[in-house]
Amino acid sequence: MELDGRGLDGRVAVVTGGTRGVGAGIARAFLAAGAHVVVCARRPPPGPVEAAGRRAEFISVDLREQAAVRAFIADVVAEHGRLDVLVNNAGGTPYRPLAEGTAEQHARVVGLNLLAPLTASLAAYEHLRAVRGSVVMIGSVSGTRPSPGTAAYGAAKAGLENLARSMAVEWAPEVRVNTLTLGMVRTELAHLHYGDDTGVAAVARTVPLGRLAEPSDVGDAAVFLASDRAAYITGASLLVHGGGERPAFLDAATANKET
């Protein structure tokens, strides 16, 4: 998707967890679209997040600390005079079957993937409202289907999508709120989920489009939802999953096989 860079010129975007992987891809897409981008995470990025000759600003913050999140958003607005877009991207989970983890461990996953985006959105609300801005939630197909091994994460992402829909109704018409529901993405951590190159290639073959998403694919979709081109889109969930997953029964059935 090619977007006119002037579409976000002069706008300020915050991308949580924007220092690597999907978040860095989103940050680069916003930079290329003309926005000033602030990325945050607990630790600095391994290298500068750059695109189109421009660099994202990094601020360290623990998104699980509500007071720190409020201070972070206030500092961004004090420095730049406005906030137009909040992309709630930070999240993730280790592989942990439910019975092998404690309630406290699973609660931390929910906290990062659901409560932290709520905290950031509430901190940003008045600033977004002042400029008729938007929130983009980064969801997952794990929230729309069973998520064995990452059940708390899937539950949190299901809650995040519902939260976004409720926000969209409560905060309209001043603030638009949408969700990108992601499938599998090729990042520097893909091997933790899918194995070596052979495993990644095998997983990619299960996707109708024949490949995993790239972070730039997610970034382009996020820029679209934040831009004026999506001015009438709110409360929506945009699937970015390459066509999803081929139903398992099609391969298991003995009928209707091509010969």
# chains A, B, ... in the order shown; residues from 1 in each chain; ligands from 1
call {"tool": "select_by_dssp", "arguments": {"residues": "range 38-101 of chain A", "states": "strand (DSSP E or B)", "output": "number ranges by chain"}}
result
A: 38-41, 50-51, 54-55, 57-60, 85-88
call {"tool": "write_last_selection", "arguments": {"atoms": "all heavy atoms", "output": "compact mmCIF listing (two decimals), in the first residue's frame"}}
result
# COMPACT_ATOMS: atom_id res chain seq x y z
N VAL A 38 7.11 8.97 18.45
CA VAL A 38 7.73 8.68 19.74
C VAL A 38 7.48 7.21 20.04
O VAL A 38 6.33 6.76 20.04
CB VAL A 38 7.14 9.55 20.86
CG1 VAL A 38 7.82 9.22 22.19
CG2 VAL A 38 7.29 11.03 20.53
N VAL A 39 8.55 6.46 20.27
CA VAL A 39 8.41 5.05 20.64
C VAL A 39 8.80 4.89 22.10
O VAL A 39 9.64 5.64 22.62
CB VAL A 39 9.28 4.13 19.75
CG1 VAL A 39 8.84 4.22 18.30
CG2 VAL A 39 10.76 4.46 19.88
N CYS A 40 8.19 3.93 22.76
CA CYS A 40 8.52 3.70 24.16
C CYS A 40 8.63 2.22 24.43
O CYS A 40 8.01 1.38 23.77
CB CYS A 40 7.47 4.33 25.08
SG CYS A 40 5.84 3.56 25.01
N ALA A 41 9.45 1.89 25.40
CA ALA A 41 9.64 0.52 25.88
C ALA A 41 10.44 0.63 27.17
O ALA A 41 10.90 1.72 27.53
CB ALA A 41 10.37 -0.34 24.85
N GLU A 50 14.46 4.21 12.19
CA GLU A 50 14.54 5.26 11.18
C GLU A 50 13.79 4.85 9.92
O GLU A 50 13.64 3.67 9.61
CB GLU A 50 16.01 5.52 10.80
CG GLU A 50 16.87 6.00 11.96
CD GLU A 50 18.33 6.13 11.58
OE1 GLU A 50 18.87 5.17 11.00
OE2 GLU A 50 18.93 7.18 11.87
N ALA A 51 13.36 5.86 9.17
CA ALA A 51 12.76 5.65 7.85
C ALA A 51 12.67 7.01 7.16
O ALA A 51 12.46 8.04 7.82
CB ALA A 51 11.38 5.02 7.94
N ARG A 54 14.37 10.02 8.55
CA ARG A 54 13.88 10.56 9.81
C ARG A 54 13.98 9.50 10.89
O ARG A 54 13.99 8.31 10.61
CB ARG A 54 12.44 11.05 9.63
CG ARG A 54 12.32 12.05 8.48
CD ARG A 54 10.89 12.39 8.11
NE ARG A 54 10.25 13.11 9.20
CZ ARG A 54 9.24 12.63 9.89
NH1 ARG A 54 8.75 11.43 9.62
NH2 ARG A 54 8.70 13.34 10.86
N ARG A 55 14.07 9.95 12.14
CA ARG A 55 14.31 9.03 13.25
C ARG A 55 13.24 9.19 14.33
O ARG A 55 12.85 10.31 14.67
CB ARG A 55 15.69 9.31 13.86
CG ARG A 55 16.05 8.42 15.05
CD ARG A 55 17.45 8.70 15.55
NE ARG A 55 18.46 8.36 14.54
CZ ARG A 55 19.76 8.41 14.76
NH1 ARG A 55 20.23 8.79 15.96
NH2 ARG A 55 20.61 8.09 13.80
N GLU A 57 11.82 9.19 18.10
CA GLU A 57 12.30 9.56 19.43
C GLU A 57 11.99 8.42 20.40
O GLU A 57 10.88 7.87 20.36
CB GLU A 57 11.60 10.85 19.87
CG GLU A 57 11.88 11.31 21.28
CD GLU A 57 11.04 12.51 21.67
OE1 GLU A 57 10.34 13.06 20.79
OE2 GLU A 57 11.07 12.88 22.86
N PHE A 58 12.93 8.08 21.26
CA PHE A 58 12.72 7.00 22.23
C PHE A 58 12.61 7.56 23.64
O PHE A 58 13.40 8.42 24.05
CB PHE A 58 13.86 5.99 22.20
CG PHE A 58 13.81 5.01 23.34
CD1 PHE A 58 12.87 3.99 23.36
CD2 PHE A 58 14.66 5.15 24.44
CE1 PHE A 58 12.79 3.11 24.42
CE2 PHE A 58 14.60 4.26 25.51
CZ PHE A 58 13.65 3.24 25.50
N ILE A 59 11.62 7.08 24.39
CA ILE A 59 11.46 7.40 25.81
C ILE A 59 11.23 6.08 26.56
O ILE A 59 10.40 5.27 26.16
CB ILE A 59 10.28 8.35 26.05
CG1 ILE A 59 10.53 9.69 25.34
CG2 ILE A 59 10.07 8.58 27.55
CD1 ILE A 59 9.39 10.68 25.48
N SER A 60 11.98 5.88 27.63
CA SER A 60 11.85 4.67 28.42
C SER A 60 10.66 4.80 29.37
O SER A 60 10.52 5.80 30.08
CB SER A 60 13.13 4.42 29.23
OG SER A 60 12.98 3.30 30.07
N VAL A 85 -2.07 10.35 17.43
CA VAL A 85 -2.26 8.91 17.26
C VAL A 85 -1.58 8.16 18.40
O VAL A 85 -0.43 8.45 18.75
CB VAL A 85 -1.68 8.39 15.93
CG1 VAL A 85 -1.99 6.91 15.75
CG2 VAL A 85 -2.17 9.19 14.74
N LEU A 86 -2.30 7.21 18.97
CA LEU A 86 -1.72 6.26 19.93
C LEU A 86 -1.85 4.87 19.35
O LEU A 86 -2.97 4.41 19.08
CB LEU A 86 -2.43 6.34 21.28
CG LEU A 86 -2.07 5.24 22.29
CD1 LEU A 86 -0.61 5.34 22.71
CD2 LEU A 86 -2.99 5.30 23.51
N VAL A 87 -0.73 4.20 19.15
CA VAL A 87 -0.74 2.81 18.69
C VAL A 87 -0.34 1.94 19.88
O VAL A 87 0.80 1.97 20.34
CB VAL A 87 0.23 2.58 17.52
CG1 VAL A 87 0.15 1.12 17.05
CG2 VAL A 87 -0.08 3.51 16.36
N ASN A 88 -1.29 1.17 20.39
CA ASN A 88 -1.04 0.28 21.52
C ASN A 88 -0.53 -1.05 21.00
O ASN A 88 -1.28 -1.99 20.75
CB ASN A 88 -2.33 0.09 22.33
CG ASN A 88 -2.63 1.27 23.22
OD1 ASN A 88 -1.77 1.70 23.99
ND2 ASN A 88 -3.83 1.81 23.11
call {"tool": "residues_around", "arguments": {"residues": "range 169-182 of chain A", "least_positions_apart": "5", "cutoff": "8 Å", "atoms": "only C-alpha atoms", "output": "ChimeraX atom specification"}}
result
/A:125,128-141,161,164,218,221-222,225,233-241
call {"tool": "closest_residue", "arguments": {"among": "A:Val37, A:Ala255, A:Leu122, A:Val49", "to": "Ala24 in chain A", "atoms": "only C-alpha atoms"}}
result
A:Val49
call {"tool": "select_by_dssp", "arguments": {"residues": "range 13-172 of chain A", "states": "alpha helix (DSSP H)", "output": "ChimeraX atom specification"}}
result
/A:21-32,66-80,103-110,116-131,151-171
call {"tool": "residues_around", "arguments": {"residues": "Gly25 in chain A", "least_positions_apart": "6", "cutoff": "9 Å", "atoms": "only C-alpha atoms", "output": "list in words"}}
result
Gly18, Thr19, Val49, Glu214, Pro215, Ser216, Asp217, Val218, Gly219 and Asp220 of chain A
call {"tool": "residues_around", "arguments": {"residues": "Arg246 in chain A", "least_positions_apart": "2", "cutoff": "8 Å", "atoms": "only C-alpha atoms", "output": "PDB file with N, CA and C atoms, in the first residue's frame"}}
result
ATOM      1  N   THR A 206       1.169 -22.689   5.455  1.00  0.00           N
ATOM      2  CA  THR A 206      -0.210 -22.859   5.926  1.00  0.00           C
ATOM      3  C   THR A 206      -1.050 -21.606   5.716  1.00  0.00           C
ATOM      4  N   VAL A 207      -0.407 -20.504   5.357  1.00  0.00           N
ATOM      5  CA  VAL A 207      -1.113 -19.234   5.154  1.00  0.00           C
ATOM      6  C   VAL A 207      -1.544 -19.138   3.689  1.00  0.00           C
ATOM      7  N   PRO A 208      -2.788 -18.805   3.399  1.00  0.00           N
ATOM      8  CA  PRO A 208      -3.234 -18.741   2.003  1.00  0.00           C
ATOM      9  C   PRO A 208      -2.342 -17.888   1.099  1.00  0.00           C
ATOM     10  N   GLY A 244      -5.754 -16.042   6.742  1.00  0.00           N
ATOM     11  CA  GLY A 244      -6.075 -16.895   7.881  1.00  0.00           C
ATOM     12  C   GLY A 244      -5.446 -18.269   7.780  1.00  0.00           C
ATOM     13  N   ALA A 248      -8.483 -27.327   9.212  1.00  0.00           N
ATOM     14  CA  ALA A 248      -7.797 -28.617   9.340  1.00  0.00           C
ATOM     15  C   ALA A 248      -8.612 -29.767   8.764  1.00  0.00           C
ATOM     16  N   LEU A 250     -10.251 -29.999   6.107  1.00  0.00           N
ATOM     17  CA  LEU A 250     -10.089 -30.166   4.672  1.00  0.00           C
ATOM     18  C   LEU A 250      -8.975 -31.149   4.339  1.00  0.00           C
TER      19      LEU A 250
END
call {"tool": "atom_distance", "arguments": {"atom1": "CA of Gly101 in chain A", "atom2": "CA of Ala151 in chain A"}}
result
10.8 Å
call {"tool": "closest_residue", "arguments": {"among": "A:Leu209, A:Ala123, A:Leu160, A:Ala155", "to": "Ala67 in chain A", "atoms": "only C-alpha atoms"}}
result
A:Ala123
call {"tool": "closest_residue", "arguments": {"among": "A:Val12, A:Lys157, A:Tyr232, A:Val203", "to": "Val77 in chain A", "atoms": "only C-alpha atoms"}}
result
A:Val12
call {"tool": "atom_distance", "arguments": {"atom1": "CA of Ala52 in chain A", "atom2": "CA of Arg28 in chain A"}}
result
8.2 Å
call {"tool": "atom_distance", "arguments": {"atom1": "CA of Ala33 in chain A", "atom2": "CA of Leu163 in chain A"}}
result
27.4 Å
call {"tool": "residues_around", "arguments": {"residues": "Gly23 in chain A", "least_positions_apart": "6", "cutoff": "7 Å", "atoms": "only C-alpha atoms", "output": "PDB file with all heavy atoms, in the first residue's frame"}}
result
ATOM      1  N   VAL A  15       3.986   5.110  19.552  1.00  0.00           N
ATOM      2  CA  VAL A  15       3.906   3.669  19.304  1.00  0.00           C
ATOM      3  C   VAL A  15       4.521   2.965  20.500  1.00  0.00           C
ATOM      4  O   VAL A  15       5.729   3.030  20.726  1.00  0.00           O
ATOM      5  CB  VAL A  15       4.653   3.267  18.013  1.00  0.00           C
ATOM      6  CG1 VAL A  15       4.510   1.766  17.776  1.00  0.00           C
ATOM      7  CG2 VAL A  15       4.135   4.047  16.820  1.00  0.00           C
ATOM      8  N   GLY A  17       5.991  -0.057  22.634  1.00  0.00           N
ATOM      9  CA  GLY A  17       6.742  -1.226  22.182  1.00  0.00           C
ATOM     10  C   GLY A  17       7.278  -1.037  20.775  1.00  0.00           C
ATOM     11  O   GLY A  17       7.399  -2.020  20.024  1.00  0.00           O
ATOM     12  N   ASN A  89       0.784  -1.119  20.819  1.00  0.00           N
ATOM     13  CA  ASN A  89       1.407  -2.297  20.232  1.00  0.00           C
ATOM     14  C   ASN A  89       2.094  -3.182  21.267  1.00  0.00           C
ATOM     15  O   ASN A  89       2.166  -4.400  21.089  1.00  0.00           O
ATOM     16  CB  ASN A  89       2.441  -1.871  19.188  1.00  0.00           C
ATOM     17  CG  ASN A  89       3.384  -2.987  18.821  1.00  0.00           C
ATOM     18  OD1 ASN A  89       3.041  -3.899  18.071  1.00  0.00           O
ATOM     19  ND2 ASN A  89       4.592  -2.947  19.379  1.00  0.00           N
TER      20      ASN A  89
END
